[in-house]
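Asks: You'll find run-v8.cif just under this line, and it carries mmCIF, C-alpha atoms; chains and numbers go by the auth columns.
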```
data_entry
loop_
_atom_site.group_PDB
_atom_site.id
_atom_site.type_symbol
_atom_site.label_atom_id
_atom_site.label_comp_id
_atom_site.label_asym_id
_atom_site.label_seq_id
_atom_site.Cartn_x
_atom_site.Cartn_y
_atom_site.Cartn_z
_atom_site.B_iso_or_equiv
_atom_site.auth_seq_id
_atom_site.auth_asym_id
ATOM 1 C CA MET A 1 -15.421 -18.300 -143.124 0.00 1 D
ATOM 2 C CA THR A 2 -16.798 -14.890 -142.227 0.00 2 D
ATOM 3 C CA GLU A 3 -14.873 -12.732 -139.782 0.00 3 D
ATOM 4 C CA LYS A 4 -16.862 -10.874 -137.174 0.00 4 D
ATOM 5 C CA THR A 5 -15.829 -7.257 -136.629 0.00 5 D
ATOM 6 C CA THR A 6 -16.461 -5.273 -133.508 0.00 6 D
ATOM 7 C CA ASN A 7 -16.631 -1.491 -133.369 0.00 7 D
ATOM 8 C CA VAL A 8 -15.038 -0.078 -130.252 0.00 8 D
ATOM 9 C CA GLU A 9 -15.715 3.495 -129.207 0.00 9 D
ATOM 10 C CA HIS A 10 -13.277 5.221 -126.880 0.00 10 D
ATOM 11 C CA ILE A 11 -14.370 8.287 -124.955 0.00 11 D
ATOM 12 C CA ARG A 12 -11.784 10.366 -123.156 0.00 12 D
ATOM 13 C CA ARG A 13 -12.858 12.636 -120.354 0.00 13 D
ATOM 14 C CA LEU A 14 -10.702 15.649 -119.605 0.00 14 D
ATOM 15 C CA THR A 15 -9.540 16.410 -116.101 0.00 15 D
ATOM 16 C CA ASP A 16 -9.712 20.000 -114.875 0.00 16 D
ATOM 17 C CA GLU A 17 -5.975 20.228 -115.505 0.00 17 D
ATOM 18 C CA ASP A 18 -6.285 18.831 -119.066 0.00 18 D
ATOM 19 C CA TYR A 19 -9.024 21.330 -119.842 0.00 19 D
ATOM 20 C CA ALA A 20 -7.084 24.279 -118.405 0.00 20 D
ATOM 21 C CA GLN A 21 -4.064 23.351 -120.524 0.00 21 D
ATOM 22 C CA LEU A 22 -6.232 23.092 -123.649 0.00 22 D
ATOM 23 C CA GLU A 23 -7.906 26.423 -122.966 0.00 23 D
ATOM 24 C CA LYS A 24 -4.542 28.180 -122.510 0.00 24 D
ATOM 25 C CA ALA A 25 -3.313 26.776 -125.842 0.00 25 D
ATOM 26 C CA ILE A 26 -6.137 28.466 -127.769 0.00 26 D
ATOM 27 C CA PRO A 27 -5.617 32.012 -129.057 0.00 27 D
ATOM 28 C CA GLY A 28 -7.736 34.498 -127.158 0.00 28 D
ATOM 29 C CA TYR A 29 -7.294 32.676 -123.855 0.00 29 D
ATOM 30 C CA GLY A 30 -9.502 34.262 -121.230 0.00 30 D
ATOM 31 C CA GLY A 31 -12.469 34.799 -123.493 0.00 31 D
ATOM 32 C CA PRO A 32 -13.157 36.656 -126.689 0.00 32 D
ATOM 33 C CA VAL A 33 -11.841 40.203 -126.892 0.00 33 D
ATOM 34 C CA VAL A 34 -13.480 42.339 -129.534 0.00 34 D
ATOM 35 C CA LEU A 35 -11.738 45.600 -130.368 0.00 35 D
ATOM 36 C CA GLN A 36 -12.525 48.290 -132.901 0.00 36 D
ATOM 37 C CA GLY A 37 -10.353 46.579 -135.526 0.00 37 D
ATOM 38 C CA THR A 38 -11.858 43.098 -135.024 0.00 38 D
ATOM 39 C CA THR A 39 -13.545 41.830 -138.170 0.00 39 D
ATOM 40 C CA GLU A 40 -16.876 40.027 -138.204 0.00 40 D
ATOM 41 C CA LEU A 41 -15.063 36.863 -139.249 0.00 41 D
ATOM 42 C CA GLN A 42 -12.647 37.096 -136.311 0.00 42 D
ATOM 43 C CA ALA A 43 -15.520 37.742 -133.877 0.00 43 D
ATOM 44 C CA GLY A 44 -17.434 34.755 -135.269 0.00 44 D
ATOM 45 C CA TYR A 45 -14.377 32.544 -134.892 0.00 45 D
ATOM 46 C CA MET A 46 -13.910 33.616 -131.256 0.00 46 D
ATOM 47 C CA LEU A 47 -17.580 32.924 -130.482 0.00 47 D
ATOM 48 C CA GLY A 48 -17.296 29.505 -132.134 0.00 48 D
ATOM 49 C CA VAL A 49 -14.247 28.661 -130.027 0.00 49 D
ATOM 50 C CA GLN A 50 -16.126 29.681 -126.880 0.00 50 D
ATOM 51 C CA ALA A 51 -19.105 27.508 -127.899 0.00 51 D
ATOM 52 C CA VAL A 52 -16.869 24.448 -128.324 0.00 52 D
ATOM 53 C CA LEU A 53 -15.112 25.083 -125.014 0.00 53 D
ATOM 54 C CA ALA A 54 -18.503 25.361 -123.297 0.00 54 D
ATOM 55 C CA LYS A 55 -19.593 21.985 -124.734 0.00 55 D
ATOM 56 C CA LEU A 56 -16.353 20.409 -123.549 0.00 56 D
ATOM 57 C CA ARG A 57 -16.863 21.814 -120.044 0.00 57 D
ATOM 58 C CA GLU A 58 -20.451 20.547 -119.947 0.00 58 D
ATOM 59 C CA GLY A 59 -19.920 17.002 -121.148 0.00 59 D
ATOM 60 C CA TYR A 60 -16.293 15.991 -121.291 0.00 60 D
ATOM 61 C CA VAL A 61 -14.568 17.438 -118.243 0.00 61 D
ATOM 62 C CA VAL A 62 -14.377 15.405 -115.066 0.00 62 D
ATOM 63 C CA ARG A 63 -14.270 17.682 -112.055 0.00 63 D
ATOM 64 C CA SER A 64 -11.601 16.913 -109.471 0.00 64 D
ATOM 65 C CA SER A 65 -12.926 16.498 -105.965 0.00 65 D
#
```
Would you mind writing the file out in structure tokens?
Replies:
Amino acid sequence: MTEKTTNVEHIRRLTDEDYAQLEKAIPGYGGPVVLQGTTELQAGYMLGVQAVLAKLREGYVVRSS
């Protein structure tokens, strides 16, 4: 007898509060800060973090009314 499997996909939307808590937990909270001693690698990392946060805001955060 063959068992039938079902794939279930769960999508979690973040509330404004969830997102704010996540953003505060990331180093460089408040946006990237580039100083004279910042390396190219550090600047690239900060820009990457901001890109991911932007995608989360655009598609995974549910705005409270």
Asks: Can you list what the PyMOL selection byres ((chain D and resi 50-63) around 9) grabs from this structure, as JSON, numbers by chain?
Replies: {"D": [11, 12, 13, 14, 15, 16, 18, 19, 23, 31, 32, 45, 46, 47, 48, 49, 64, 65]}
Asks: Expressed in Å to a single decimal, how great is the separation between atom CA of D:Pro27 and atom CA of D:Gln42?
Replies: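 Spanning atom CA of D:Pro27 to atom CA of D:Gln42 is a straight-line distance of 11.3 Å.
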Asks: Around stretch 3-16 of chain D, fit a box with edges along x, y and z, padding it by 6 Å on each side, then list its centre and edge lengths in Å to one decimal as AutoDock Vina command-line options.
Replies:
```
--center_x -13.2 --center_y 3.6 --center_z -127.3 --size_x 19.3 --size_y 44.7 --size_z 36.9
```
Asks: How many Å lie between atom CA of D:Leu41 and atom CA of D:Tyr29, rounded to one decimal?
Replies: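 Atom CA of D:Leu41 sits 17.7 Å away from atom CA of D:Tyr29.
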Asks: Hey, can you check how far atom CA of D:Ala43 sits from atom CA of D:Gly28?
Replies: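 Answer for the atom CA of D:Ala43 to atom CA of D:Gly28 separation: 10.8 Å.
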